[in-house]
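Structure file protein-v2.pdb (PDB, C-alpha atoms, pLDDT in the B column) is printed below.
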```pdb
ATOM      1  CA  MET Z1430      -8.103 103.765 -10.735  1.00 45.00           C
ATOM      2  CA  ARG Z1431     -10.390 104.368  -7.756  1.00 53.00           C
ATOM      3  CA  GLY Z1432     -12.451 101.291  -8.566  1.00 53.00           C
ATOM      4  CA  LEU Z1433      -9.355  99.069  -8.379  1.00 66.00           C
ATOM      5  CA  ARG Z1434      -8.605  99.946  -4.743  1.00 75.00           C
ATOM      6  CA  LEU Z1435      -8.969  96.900  -2.489  1.00 75.00           C
ATOM      7  CA  ASP Z1436      -9.315  96.916   1.255  1.00 79.00           C
ATOM      8  CA  PRO Z1437      -6.123  96.017   3.186  1.00 79.00           C
ATOM      9  CA  SER Z1438      -7.341  92.628   4.416  1.00 79.00           C
ATOM     10  CA  THR Z1439      -8.115  91.531   0.824  1.00 83.00           C
ATOM     11  CA  VAL Z1440      -4.658  92.666  -0.273  1.00 84.00           C
ATOM     12  CA  VAL Z1441      -3.081  90.652   2.573  1.00 84.00           C
ATOM     13  CA  MET Z1442      -5.127  87.597   1.635  1.00 85.00           C
ATOM     14  CA  LEU Z1443      -4.154  87.844  -2.044  1.00 88.00           C
ATOM     15  CA  ASP Z1444      -0.523  88.387  -1.060  1.00 89.00           C
ATOM     16  CA  ARG Z1445      -0.453  85.316   1.186  1.00 88.00           C
ATOM     17  CA  LEU Z1446      -2.341  83.272  -1.402  1.00 91.00           C
ATOM     18  CA  SER Z1447       0.207  84.188  -4.075  1.00 93.00           C
ATOM     19  CA  LEU Z1448       3.054  83.124  -1.765  1.00 93.00           C
ATOM     20  CA  LEU Z1449       1.298  79.866  -0.934  1.00 94.00           C
ATOM     21  CA  LEU Z1450       0.601  79.171  -4.623  1.00 95.00           C
ATOM     22  CA  LEU Z1451       4.253  79.774  -5.495  1.00 96.00           C
ATOM     23  CA  THR Z1452       5.340  77.377  -2.753  1.00 96.00           C
ATOM     24  CA  VAL Z1453       2.859  74.740  -3.971  1.00 96.00           C
ATOM     25  CA  ILE Z1454       4.234  75.057  -7.524  1.00 96.00           C
ATOM     26  CA  VAL Z1455       7.887  74.769  -6.434  1.00 97.00           C
ATOM     27  CA  SER Z1456       7.143  71.778  -4.189  1.00 96.00           C
ATOM     28  CA  ALA Z1457       5.190  70.166  -7.059  1.00 97.00           C
ATOM     29  CA  VAL Z1458       8.226  70.588  -9.331  1.00 96.00           C
ATOM     30  CA  LEU Z1459      10.448  69.005  -6.672  1.00 96.00           C
ATOM     31  CA  THR Z1460       7.969  66.145  -6.289  1.00 96.00           C
ATOM     32  CA  ALA Z1461       7.948  65.614 -10.086  1.00 94.00           C
ATOM     33  CA  ALA Z1462      11.771  65.489 -10.051  1.00 94.00           C
ATOM     34  CA  MET Z1463      11.611  62.808  -7.351  1.00 95.00           C
ATOM     35  CA  VAL Z1464       9.043  60.826  -9.375  1.00 94.00           C
ATOM     36  CA  MET Z1465      11.433  60.939 -12.362  1.00 91.00           C
ATOM     37  CA  GLN Z1466      14.209  59.697 -10.084  1.00 92.00           C
ATOM     38  CA  PHE Z1467      12.450  56.913  -8.208  1.00 93.00           C
ATOM     39  CA  VAL Z1468       9.755  55.757 -10.656  1.00 93.00           C
ATOM     40  CA  PHE Z1469      11.559  56.208 -13.985  1.00 91.00           C
ATOM     41  CA  ALA Z1470      15.034  55.436 -12.528  1.00 88.00           C
ATOM     42  CA  GLU Z1471      16.628  58.655 -13.797  1.00 90.00           C
ATOM     43  CA  ILE Z1472      19.520  59.334 -11.450  1.00 91.00           C
ATOM     44  CA  PRO Z1473      20.116  63.095 -11.125  1.00 92.00           C
ATOM     45  CA  CYS Z1474      23.417  64.654 -12.177  1.00 92.00           C
ATOM     46  CA  PRO Z1475      25.378  66.843  -9.691  1.00 93.00           C
ATOM     47  CA  LEU Z1476      24.158  70.077 -11.312  1.00 94.00           C
ATOM     48  CA  CYS Z1477      20.576  68.735 -11.201  1.00 94.00           C
ATOM     49  CA  LEU Z1478      20.991  68.106  -7.463  1.00 96.00           C
ATOM     50  CA  LEU Z1479      22.303  71.654  -6.993  1.00 97.00           C
ATOM     51  CA  GLN Z1480      19.209  72.966  -8.808  1.00 97.00           C
ATOM     52  CA  ARG Z1481      17.089  71.045  -6.312  1.00 97.00           C
ATOM     53  CA  VAL Z1482      19.014  72.708  -3.458  1.00 97.00           C
ATOM     54  CA  ALA Z1483      18.208  76.097  -5.012  1.00 97.00           C
ATOM     55  CA  MET Z1484      14.508  75.193  -5.284  1.00 97.00           C
ATOM     56  CA  PHE Z1485      14.430  74.054  -1.658  1.00 97.00           C
ATOM     57  CA  GLY Z1486      16.104  77.350  -0.737  1.00 97.00           C
ATOM     58  CA  CYS Z1487      13.309  79.167  -2.558  1.00 97.00           C
ATOM     59  CA  CYS Z1488      10.756  77.182  -0.562  1.00 97.00           C
ATOM     60  CA  PHE Z1489      12.581  78.107   2.651  1.00 97.00           C
ATOM     61  CA  GLY Z1490      12.385  81.809   1.805  1.00 96.00           C
ATOM     62  CA  LEU Z1491       8.724  81.560   0.848  1.00 95.00           C
ATOM     63  CA  PHE Z1492       7.851  79.761   4.113  1.00 94.00           C
ATOM     64  CA  HIS Z1493       9.748  82.398   6.060  1.00 93.00           C
ATOM     65  CA  GLN Z1494       7.768  85.090   4.259  1.00 92.00           C
ATOM     66  CA  LEU Z1495       4.475  83.303   4.914  1.00 90.00           C
ATOM     67  CA  ARG Z1496       5.223  83.223   8.642  1.00 86.00           C
ATOM     68  CA  THR Z1497       6.678  86.661   9.153  1.00 82.00           C
ATOM     69  CA  GLN Z1498       5.060  90.078   8.945  1.00 76.00           C
ATOM     70  CA  GLU Z1499       7.826  92.489   9.939  1.00 79.00           C
ATOM     71  CA  SER Z1500      10.035  92.306   6.873  1.00 86.00           C
ATOM     72  CA  GLU Z1501      10.476  91.036   3.336  1.00 90.00           C
ATOM     73  CA  ARG Z1502      13.563  88.990   4.254  1.00 92.00           C
ATOM     74  CA  GLY Z1503      11.927  85.741   3.130  1.00 93.00           C
ATOM     75  CA  THR Z1504      11.246  87.208  -0.309  1.00 94.00           C
ATOM     76  CA  GLY Z1505      14.894  88.268  -0.492  1.00 95.00           C
ATOM     77  CA  VAL Z1506      16.036  84.733   0.344  1.00 96.00           C
ATOM     78  CA  ALA Z1507      13.651  83.281  -2.272  1.00 97.00           C
ATOM     79  CA  LEU Z1508      14.928  85.772  -4.875  1.00 97.00           C
ATOM     80  CA  LEU Z1509      18.557  84.871  -4.137  1.00 97.00           C
ATOM     81  CA  PHE Z1510      17.893  81.159  -4.522  1.00 97.00           C
ATOM     82  CA  ALA Z1511      15.817  81.735  -7.690  1.00 97.00           C
ATOM     83  CA  LEU Z1512      18.813  83.599  -9.114  1.00 98.00           C
ATOM     84  CA  LEU Z1513      21.116  80.755  -8.061  1.00 97.00           C
ATOM     85  CA  LEU Z1514      18.750  78.283  -9.759  1.00 97.00           C
ATOM     86  CA  LEU Z1515      18.790  80.352 -12.932  1.00 97.00           C
ATOM     87  CA  VAL Z1516      22.602  80.585 -13.021  1.00 97.00           C
ATOM     88  CA  ILE Z1517      23.106  76.836 -12.462  1.00 97.00           C
ATOM     89  CA  ALA Z1518      20.378  75.844 -14.948  1.00 96.00           C
ATOM     90  CA  ALA Z1519      21.600  78.281 -17.617  1.00 95.00           C
ATOM     91  CA  ARG Z1520      25.177  76.982 -17.262  1.00 94.00           C
ATOM     92  CA  GLN Z1521      23.999  73.380 -17.554  1.00 92.00           C
ATOM     93  CA  THR Z1522      21.843  74.233 -20.576  1.00 92.00           C
ATOM     94  CA  LEU Z1523      24.819  75.895 -22.289  1.00 91.00           C
ATOM     95  CA  LEU Z1524      27.073  72.963 -21.361  1.00 88.00           C
ATOM     96  CA  ASP Z1525      25.039  70.510 -23.434  1.00 84.00           C
ATOM     97  CA  VAL Z1526      23.510  72.840 -26.012  1.00 84.00           C
ATOM     98  CA  VAL Z1527      26.061  71.859 -28.681  1.00 82.00           C
ATOM     99  CA  PRO Z1528      25.917  68.085 -29.316  1.00 77.00           C
ATOM    100  CA  ARG Z1529      29.415  66.581 -29.078  1.00 78.00           C
ATOM    101  CA  PRO Z1530      30.946  63.378 -27.683  1.00 75.00           C
ATOM    102  CA  GLY Z1531      30.334  62.983 -23.970  1.00 73.00           C
ATOM    103  CA  HIS Z1532      27.833  65.806 -23.818  1.00 73.00           C
ATOM    104  CA  ALA Z1533      24.092  65.291 -24.047  1.00 74.00           C
ATOM    105  CA  TYR Z1534      21.149  66.382 -21.937  1.00 75.00           C
ATOM    106  CA  ILE Z1535      20.668  63.937 -19.090  1.00 74.00           C
ATOM    107  CA  GLY Z1536      17.262  62.318 -18.623  1.00 75.00           C
ATOM    108  CA  SER Z1537      14.178  62.257 -20.766  1.00 79.00           C
ATOM    109  CA  ALA Z1538      12.514  65.345 -22.208  1.00 82.00           C
ATOM    110  CA  VAL Z1539       9.161  66.498 -20.827  1.00 85.00           C
ATOM    111  CA  PHE Z1540       6.957  67.960 -23.606  1.00 88.00           C
ATOM    112  CA  GLY Z1541      10.083  67.970 -25.782  1.00 87.00           C
ATOM    113  CA  VAL Z1542      12.035  70.131 -23.338  1.00 89.00           C
ATOM    114  CA  HIS Z1543      14.938  68.792 -21.272  1.00 88.00           C
ATOM    115  CA  MET Z1544      15.254  69.251 -17.508  1.00 90.00           C
ATOM    116  CA  PRO Z1545      17.902  72.026 -17.419  1.00 91.00           C
ATOM    117  CA  VAL Z1546      15.855  74.062 -19.877  1.00 93.00           C
ATOM    118  CA  TRP Z1547      12.776  73.568 -17.696  1.00 94.00           C
ATOM    119  CA  SER Z1548      14.884  74.743 -14.747  1.00 95.00           C
ATOM    120  CA  VAL Z1549      15.774  77.942 -16.620  1.00 96.00           C
ATOM    121  CA  ALA Z1550      12.065  78.526 -17.241  1.00 97.00           C
ATOM    122  CA  ILE Z1551      11.261  77.834 -13.565  1.00 97.00           C
ATOM    123  CA  GLY Z1552      14.012  80.208 -12.366  1.00 97.00           C
ATOM    124  CA  VAL Z1553      12.809  83.000 -14.644  1.00 98.00           C
ATOM    125  CA  SER Z1554       9.175  82.379 -13.642  1.00 97.00           C
ATOM    126  CA  LEU Z1555      10.064  82.513  -9.938  1.00 97.00           C
ATOM    127  CA  LEU Z1556      11.932  85.811 -10.342  1.00 97.00           C
ATOM    128  CA  LEU Z1557       9.047  87.232 -12.364  1.00 97.00           C
ATOM    129  CA  ALA Z1558       6.389  86.013  -9.915  1.00 96.00           C
ATOM    130  CA  LEU Z1559       8.215  87.414  -6.865  1.00 95.00           C
ATOM    131  CA  ALA Z1560       8.758  90.745  -8.602  1.00 95.00           C
ATOM    132  CA  LEU Z1561       5.089  90.863  -9.666  1.00 94.00           C
ATOM    133  CA  ARG Z1562       3.997  90.084  -6.095  1.00 93.00           C
ATOM    134  CA  LEU Z1563       5.969  93.051  -4.766  1.00 92.00           C
ATOM    135  CA  ALA Z1564       4.741  95.291  -7.595  1.00 92.00           C
ATOM    136  CA  LEU Z1565       1.075  94.335  -7.183  1.00 89.00           C
ATOM    137  CA  PHE Z1566       0.664  93.971  -3.420  1.00 86.00           C
ATOM    138  CA  GLY Z1567       3.557  96.122  -2.156  1.00 84.00           C
ATOM    139  CA  ALA Z1568       4.436  93.963   0.862  1.00 78.00           C
ATOM    140  CA  PRO Z1569       1.360  94.501   3.091  1.00 73.00           C
ATOM    141  CA  ARG Z1570       2.022  94.709   6.837  1.00 71.00           C
ATOM    142  CA  ILE Z1571      -1.000  93.167   8.579  1.00 63.00           C
ATOM    143  CA  ARG Z1572      -0.464  90.194  10.879  1.00 60.00           C
ATOM    144  CA  PRO Z1573      -1.220  87.239   8.614  1.00 49.00           C
ATOM    145  CA  GLN Z1574      -1.216  84.547  11.304  1.00 52.00           C
ATOM    146  CA  THR Z1575      -4.055  86.115  13.234  1.00 53.00           C
ATOM    147  CA  ALA Z1576      -5.958  87.325  10.205  1.00 54.00           C
ATOM    148  CA  LEU Z1577      -5.888  84.165   8.086  1.00 68.00           C
ATOM    149  CA  PRO Z1578      -5.669  80.967  10.170  1.00 80.00           C
ATOM    150  CA  PRO Z1579      -6.724  78.581   7.334  1.00 83.00           C
ATOM    151  CA  LEU Z1580      -3.912  79.892   5.124  1.00 83.00           C
ATOM    152  CA  ALA Z1581      -1.418  79.644   7.989  1.00 84.00           C
ATOM    153  CA  ARG Z1582      -2.529  76.042   8.599  1.00 88.00           C
ATOM    154  CA  ALA Z1583      -2.158  75.174   4.897  1.00 91.00           C
ATOM    155  CA  ALA Z1584       1.313  76.752   4.897  1.00 90.00           C
ATOM    156  CA  ARG Z1585       2.284  74.689   7.957  1.00 91.00           C
ATOM    157  CA  ILE Z1586       1.133  71.430   6.323  1.00 94.00           C
ATOM    158  CA  LEU Z1587       3.012  72.321   3.137  1.00 94.00           C
ATOM    159  CA  GLU Z1588       6.120  73.172   5.170  1.00 93.00           C
ATOM    160  CA  VAL Z1589       6.071  69.749   6.829  1.00 94.00           C
ATOM    161  CA  TYR Z1590       5.638  68.134   3.376  1.00 96.00           C
ATOM    162  CA  VAL Z1591       8.642  70.043   1.995  1.00 96.00           C
ATOM    163  CA  VAL Z1592      10.750  69.054   5.010  1.00 96.00           C
ATOM    164  CA  VAL Z1593       9.814  65.401   4.372  1.00 96.00           C
ATOM    165  CA  ILE Z1594      10.745  65.529   0.658  1.00 96.00           C
ATOM    166  CA  CYS Z1595      13.958  67.361   1.541  1.00 96.00           C
ATOM    167  CA  ALA Z1596      14.823  64.564   3.986  1.00 97.00           C
ATOM    168  CA  ILE Z1597      14.042  61.932   1.300  1.00 97.00           C
ATOM    169  CA  ASN Z1598      16.326  63.822  -1.107  1.00 96.00           C
ATOM    170  CA  PHE Z1599      19.049  63.870   1.542  1.00 96.00           C
ATOM    171  CA  ALA Z1600      18.737  60.093   2.002  1.00 96.00           C
ATOM    172  CA  ALA Z1601      18.879  59.591  -1.791  1.00 95.00           C
ATOM    173  CA  VAL Z1602      21.990  61.788  -2.020  1.00 95.00           C
ATOM    174  CA  VAL Z1603      23.672  59.759   0.732  1.00 95.00           C
ATOM    175  CA  LEU Z1604      22.935  56.582  -1.259  1.00 94.00           C
ATOM    176  CA  GLN Z1605      24.011  58.113  -4.578  1.00 93.00           C
ATOM    177  CA  CYS Z1606      27.129  60.026  -3.551  1.00 92.00           C
ATOM    178  CA  GLY Z1607      28.178  58.832  -0.091  1.00 89.00           C
ATOM    179  CA  PHE Z1608      30.845  61.315   1.006  1.00 87.00           C
ATOM    180  CA  ASP Z1609      32.457  61.353  -2.427  1.00 85.00           C
ATOM    181  CA  GLU Z1610      31.775  62.715  -5.905  1.00 86.00           C
ATOM    182  CA  CYS Z1611      28.264  62.198  -7.344  1.00 86.00           C
ATOM    183  CA  HIS Z1612      27.779  60.145 -10.514  1.00 84.00           C
ATOM    184  CA  THR Z1613      24.772  59.191 -12.606  1.00 82.00           C
ATOM    185  CA  PHE Z1614      25.912  55.557 -13.073  1.00 81.00           C
ATOM    186  CA  GLY Z1615      24.088  54.302 -10.022  1.00 82.00           C
ATOM    187  CA  TYR Z1616      23.707  54.557  -6.251  1.00 84.00           C
ATOM    188  CA  ARG Z1617      27.201  54.295  -4.832  1.00 80.00           C
ATOM    189  CA  LEU Z1618      26.135  52.682  -1.539  1.00 81.00           C
ATOM    190  CA  LEU Z1619      23.847  50.131  -3.228  1.00 80.00           C
ATOM    191  CA  THR Z1620      26.369  48.704  -5.700  1.00 73.00           C
TER     192      THR Z1620
ATOM    193  CA  MET S 684      30.256  67.723  -0.335  1.00 87.00           C
ATOM    194  CA  MET S 685      26.804  67.139  -1.852  1.00 93.00           C
ATOM    195  CA  THR S 686      25.789  65.083   1.172  1.00 95.00           C
ATOM    196  CA  ILE S 687      26.901  67.870   3.517  1.00 96.00           C
ATOM    197  CA  THR S 688      24.997  70.423   1.403  1.00 96.00           C
ATOM    198  CA  PHE S 689      21.759  68.447   1.686  1.00 96.00           C
ATOM    199  CA  ALA S 690      22.361  67.707   5.378  1.00 97.00           C
ATOM    200  CA  LEU S 691      22.667  71.452   6.055  1.00 97.00           C
ATOM    201  CA  LEU S 692      19.523  72.091   4.009  1.00 97.00           C
ATOM    202  CA  VAL S 693      17.486  69.543   5.981  1.00 97.00           C
ATOM    203  CA  ALA S 694      18.911  70.973   9.209  1.00 97.00           C
ATOM    204  CA  ALA S 695      17.806  74.477   8.123  1.00 96.00           C
ATOM    205  CA  PHE S 696      14.230  73.301   7.541  1.00 95.00           C
ATOM    206  CA  VAL S 697      14.086  71.347  10.799  1.00 95.00           C
ATOM    207  CA  LEU S 698      15.506  74.273  12.791  1.00 96.00           C
ATOM    208  CA  ARG S 699      12.935  76.531  11.137  1.00 92.00           C
ATOM    209  CA  LEU S 700      10.155  74.138  12.169  1.00 91.00           C
ATOM    210  CA  LEU S 701      11.519  74.162  15.726  1.00 92.00           C
ATOM    211  CA  ASP S 702      11.315  77.988  15.756  1.00 90.00           C
ATOM    212  CA  LEU S 703      15.069  78.539  15.769  1.00 94.00           C
ATOM    213  CA  PRO S 704      15.267  81.060  12.888  1.00 91.00           C
ATOM    214  CA  ARG S 705      18.850  82.222  13.470  1.00 93.00           C
ATOM    215  CA  ALA S 706      20.284  78.722  13.532  1.00 96.00           C
ATOM    216  CA  ALA S 707      18.164  77.906  10.469  1.00 96.00           C
ATOM    217  CA  ALA S 708      19.518  80.961   8.644  1.00 95.00           C
ATOM    218  CA  VAL S 709      23.122  79.973   9.476  1.00 97.00           C
ATOM    219  CA  SER S 710      22.492  76.426   8.265  1.00 97.00           C
ATOM    220  CA  LEU S 711      20.849  77.657   5.051  1.00 97.00           C
ATOM    221  CA  SER S 712      23.696  80.121   4.413  1.00 97.00           C
ATOM    222  CA  LEU S 713      26.271  77.349   4.832  1.00 97.00           C
ATOM    223  CA  SER S 714      24.257  75.141   2.482  1.00 97.00           C
ATOM    224  CA  ALA S 715      24.167  77.970  -0.099  1.00 97.00           C
ATOM    225  CA  ALA S 716      27.937  78.474   0.264  1.00 97.00           C
ATOM    226  CA  PHE S 717      28.533  74.748  -0.304  1.00 96.00           C
ATOM    227  CA  THR S 718      26.168  74.871  -3.313  1.00 97.00           C
ATOM    228  CA  ILE S 719      28.108  77.723  -4.916  1.00 97.00           C
ATOM    229  CA  GLY S 720      31.423  75.988  -4.183  1.00 96.00           C
ATOM    230  CA  LEU S 721      30.190  72.708  -5.666  1.00 96.00           C
ATOM    231  CA  PHE S 722      28.775  74.493  -8.702  1.00 96.00           C
ATOM    232  CA  LEU S 723      32.095  76.201  -9.431  1.00 96.00           C
ATOM    233  CA  TRP S 724      33.961  72.931  -8.876  1.00 95.00           C
ATOM    234  CA  GLU S 725      31.581  71.048 -11.207  1.00 93.00           C
ATOM    235  CA  ILE S 726      31.809  73.513 -14.104  1.00 93.00           C
ATOM    236  CA  TYR S 727      35.571  74.041 -13.900  1.00 93.00           C
ATOM    237  CA  SER S 728      37.524  72.241 -16.586  1.00 90.00           C
ATOM    238  CA  PRO S 729      41.340  71.865 -16.463  1.00 90.00           C
ATOM    239  CA  ASP S 730      41.486  72.615 -20.227  1.00 88.00           C
ATOM    240  CA  ASP S 731      38.952  75.427 -20.584  1.00 88.00           C
ATOM    241  CA  GLY S 732      38.680  76.827 -17.061  1.00 90.00           C
ATOM    242  CA  PHE S 733      35.243  78.438 -16.762  1.00 90.00           C
ATOM    243  CA  ARG S 734      35.090  79.311 -20.475  1.00 89.00           C
ATOM    244  CA  MET S 735      32.731  77.611 -22.913  1.00 88.00           C
ATOM    245  CA  PRO S 736      34.753  77.407 -26.150  1.00 85.00           C
ATOM    246  CA  TRP S 737      32.113  75.235 -27.884  1.00 84.00           C
ATOM    247  CA  LEU S 738      29.836  78.277 -27.946  1.00 83.00           C
ATOM    248  CA  GLN S 739      32.261  80.525 -29.814  1.00 74.00           C
ATOM    249  CA  VAL S 740      31.331  81.689 -33.274  1.00 69.00           C
ATOM    250  CA  GLU S 741      33.621  80.394 -36.003  1.00 66.00           C
ATOM    251  CA  LEU S 742      34.976  83.656 -37.356  1.00 67.00           C
ATOM    252  CA  ARG S 743      36.898  82.021 -40.221  1.00 64.00           C
ATOM    253  CA  HIS S 744      33.652  81.709 -42.237  1.00 61.00           C
ATOM    254  CA  ALA S 745      32.885  85.389 -41.795  1.00 59.00           C
ATOM    255  CA  ALA S 746      36.468  86.348 -42.692  1.00 59.00           C
ATOM    256  CA  ALA S 747      36.385  84.232 -45.852  1.00 61.00           C
ATOM    257  CA  ALA S 748      33.185  85.780 -47.150  1.00 60.00           C
ATOM    258  CA  PRO S 749      33.648  89.041 -49.101  1.00 60.00           C
ATOM    259  CA  GLY S 750      32.040  92.160 -47.725  1.00 56.00           C
ATOM    260  CA  HIS S 751      32.310  91.076 -44.073  1.00 53.00           C
ATOM    261  CA  ALA S 752      34.383  93.077 -41.637  1.00 49.00           C
TER     262      ALA S 752
END
```

Kindly return the structure encoded in the file as structure tokens.
Amino acid sequence: MRGLRLDPSTVVMLDRLSLLLLTVIVSAVLTAAMVMQFVFAEIPCPLCLLQRVAMFGCCFGLFHQLRTQESERGTGVALLFALLLLVIAARQTLLDVVPRPGHAYIGSAVFGVHMPVWSVAIGVSLLLALALRLALFGAPRIRPQTALPPLARAARILEVYVVVICAINFAAVVLQCGFDECHTFGYRLLT
Amino acid sequence: MMTITFALLVAAFVLRLLDLPRAAAVSLSLSAAFTIGLFLWEIYSPDDGFRMPWLQVELRHAAAAPGHA
């Protein structure tokens, strides 16, 4: 076990890298969802939109954790939203798991798997990854902003990107739902 | 409701970027509360409530077969 001991700065770097990687993956998933919506004209269902909210919440927690060094509050926020994502996705998967009139998985399947099922996998993966991060690195307490400026810069750029896609999602929701119920028939304000 | 949820989410991110963490946390919490409320409203059915009767096992087959409790 002695050979596995890493110096604290390496542990901090690996910890921050794992957080950044997780954020990149979640924002890539959100970007893919937007591509499905705007390029392939697949209008998201209300539960799909709520899953996006949960993923954005995860991103928020991860960004908070990347910036802060005093606590693990950001990880807690990300865990809560990952759990919320899992609950919503599991409920939607169970809703359409038995084929019957008026109930079918919305949207096209990716690699033979439908979106809510992918969301379950993403929720479980996020919970697992965050738990593994805590188990492996044990929440190191060295100031990351001063120690790793390139990582902090990358996190800042990614944060701005996520804010932009969140704003685009907000605009799309306004067009789709207005201030009323959301439907998958079309964009309420454009018809 | 969905529009308000996303508006609060965007506000949380913007407030976070502007270094107003408390206001961002309040906005995110409100967005989460709206999300949970919307989720419960979406899955509630006047006939079934929150239950999922289509997932229930059909016990009549088991009862008809001999040797099954």

- Which of S:Met684, S:Val697, S:Leu738, S:Ala706 sits closest to Gly720 in chain S [using all atoms listed in the file]: S:Met684

- Message: At a cut-off of 9 Å, which residues of chain Z touch chain S? Count all atoms listed in the file and give the answer as a VMD selection string.
- Response: chain Z and resid 1475 to 1476 1478 to 1479 1482 to 1483 1485 to 1486 1489 1493 1510 1513 1517 1520 to 1521 1523 to 1524 1526 to 1527 1585 1588 to 1589 1591 to 1593 1595 to 1596 1598 to 1600 1602 to 1603 1606 to 1611

- Nearest to Leu698 in chain S among S:Ser710, S:Tyr727, S:Arg734, S:Gln739, with distances taken over all atoms listed in the file: which residue is it?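 Checking each candidate against Leu698 in chain S, we get S:Ser710 as the closest.
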
- Query: Restricting the calculation to only C-alpha atoms, which member of Z:Ala1584, Z:Ala1538, Z:Thr1620, Z:Val1453 is positioned closest to Glu1471 in chain Z?
  - Reply: Z:Ala1538

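Across the model, the gap from CA of Gln1480 in chain Z to CA of Ser1447 in chain Z is 22.6 Å.
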
- Message: Quick check on the file I pasted: which residues fall under the PyMOL selection byres ((chain Z and resi 1499-1505) around 8)? Write them as a PyMOL selection string.
- Response: chain Z and resi 1489-1494+1497-1498+1506-1509+1559+1568+1570

Atoms kept (C-alpha atoms) for selection, written as a short mmCIF file (atom, residue, chain, number, x, y, z; two decimals), keeping the file's coordinate frame:
```cif
data_model
loop_
_atom_site.label_atom_id
_atom_site.label_comp_id
_atom_site.auth_asym_id
_atom_site.auth_seq_id
_atom_site.Cartn_x
_atom_site.Cartn_y
_atom_site.Cartn_z
CA PHE Z 1489 12.58 78.11 2.65
CA GLY Z 1490 12.38 81.81 1.80
CA LEU Z 1491 8.72 81.56 0.85
CA PHE Z 1492 7.85 79.76 4.11
CA HIS Z 1493 9.75 82.40 6.06
CA GLN Z 1494 7.77 85.09 4.26
CA THR Z 1497 6.68 86.66 9.15
CA GLN Z 1498 5.06 90.08 8.94
CA VAL Z 1506 16.04 84.73 0.34
CA ALA Z 1507 13.65 83.28 -2.27
CA LEU Z 1508 14.93 85.77 -4.88
CA LEU Z 1509 18.56 84.87 -4.14
CA LEU Z 1559 8.22 87.41 -6.86
CA ALA Z 1568 4.44 93.96 0.86
CA ARG Z 1570 2.02 94.71 6.84
#
```

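Residue nearest Ala1461 in chain Z within the list Z:Val1441, Z:Val1553, Z:Arg1481, Z:His1612: Z:Arg1481 [criterion: smallest interatomic distance, all atoms listed in the file].
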
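Note that CA of Gln1466 in chain Z and CA of Leu1619 in chain Z are 15.2 Å apart.
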
- Message: My list of candidates is Z:Gly1567, Z:Pro1530, Z:Pro1473, Z:Gly1552. Which is closest to Leu1443 in chain Z when distances are computed with all atoms listed in the file?
- Response: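 Between Z:Gly1567, Z:Pro1530, Z:Pro1473, Z:Gly1552, the residue approaching Leu1443 in chain Z most closely is Z:Gly1567.
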
- Expansion of the PyMOL selection byres ((chain Z and resi 1616) around 6) into residues, as number ranges by chain: Z: 1604-1605, 1615, 1617-1619

- Expected selection from the PyMOL selection byres ((chain Z and resi 1534) around 6), given as a PyMOL selection string: chain Z and resi 1525+1533+1535

Can you put N, CA, C and O atoms back into range 713-721 of chain S and show it as a CSV table (one decimal), keeping the file's coordinate frame?
```csv
chain,number,residue,atom,x,y,z
S,713,LEU,N,25.2,78.3,5.1
S,713,LEU,CA,26.3,77.3,4.8
S,713,LEU,C,25.9,76.4,3.7
S,713,LEU,O,26.8,76.1,2.8
S,714,SER,N,24.7,76.0,3.6
S,714,SER,CA,24.3,75.1,2.5
S,714,SER,C,24.4,75.9,1.1
S,714,SER,O,24.9,75.3,0.2
S,715,ALA,N,24.0,77.2,1.1
S,715,ALA,CA,24.2,78.0,-0.1
S,715,ALA,C,25.6,78.1,-0.5
S,715,ALA,O,26.0,78.0,-1.7
S,716,ALA,N,26.5,78.3,0.5
S,716,ALA,CA,27.9,78.5,0.3
S,716,ALA,C,28.5,77.2,-0.3
S,716,ALA,O,29.3,77.2,-1.3
S,717,PHE,N,28.1,76.0,0.2
S,717,PHE,CA,28.5,74.7,-0.3
S,717,PHE,C,28.0,74.6,-1.7
S,717,PHE,O,28.7,74.0,-2.6
S,718,THR,N,26.8,75.0,-2.0
S,718,THR,CA,26.2,74.9,-3.3
S,718,THR,C,27.0,75.7,-4.3
S,718,THR,O,27.3,75.1,-5.4
S,719,ILE,N,27.3,76.9,-4.0
S,719,ILE,CA,28.1,77.7,-4.9
S,719,ILE,C,29.5,77.1,-5.2
S,719,ILE,O,30.0,77.0,-6.3
S,720,GLY,N,30.1,76.6,-4.1
S,720,GLY,CA,31.4,76.0,-4.2
S,720,GLY,C,31.4,74.8,-5.1
S,720,GLY,O,32.2,74.6,-6.0
S,721,LEU,N,30.4,73.9,-4.9
S,721,LEU,CA,30.2,72.7,-5.7
S,721,LEU,C,29.9,73.0,-7.1
S,721,LEU,O,30.4,72.4,-8.0
```
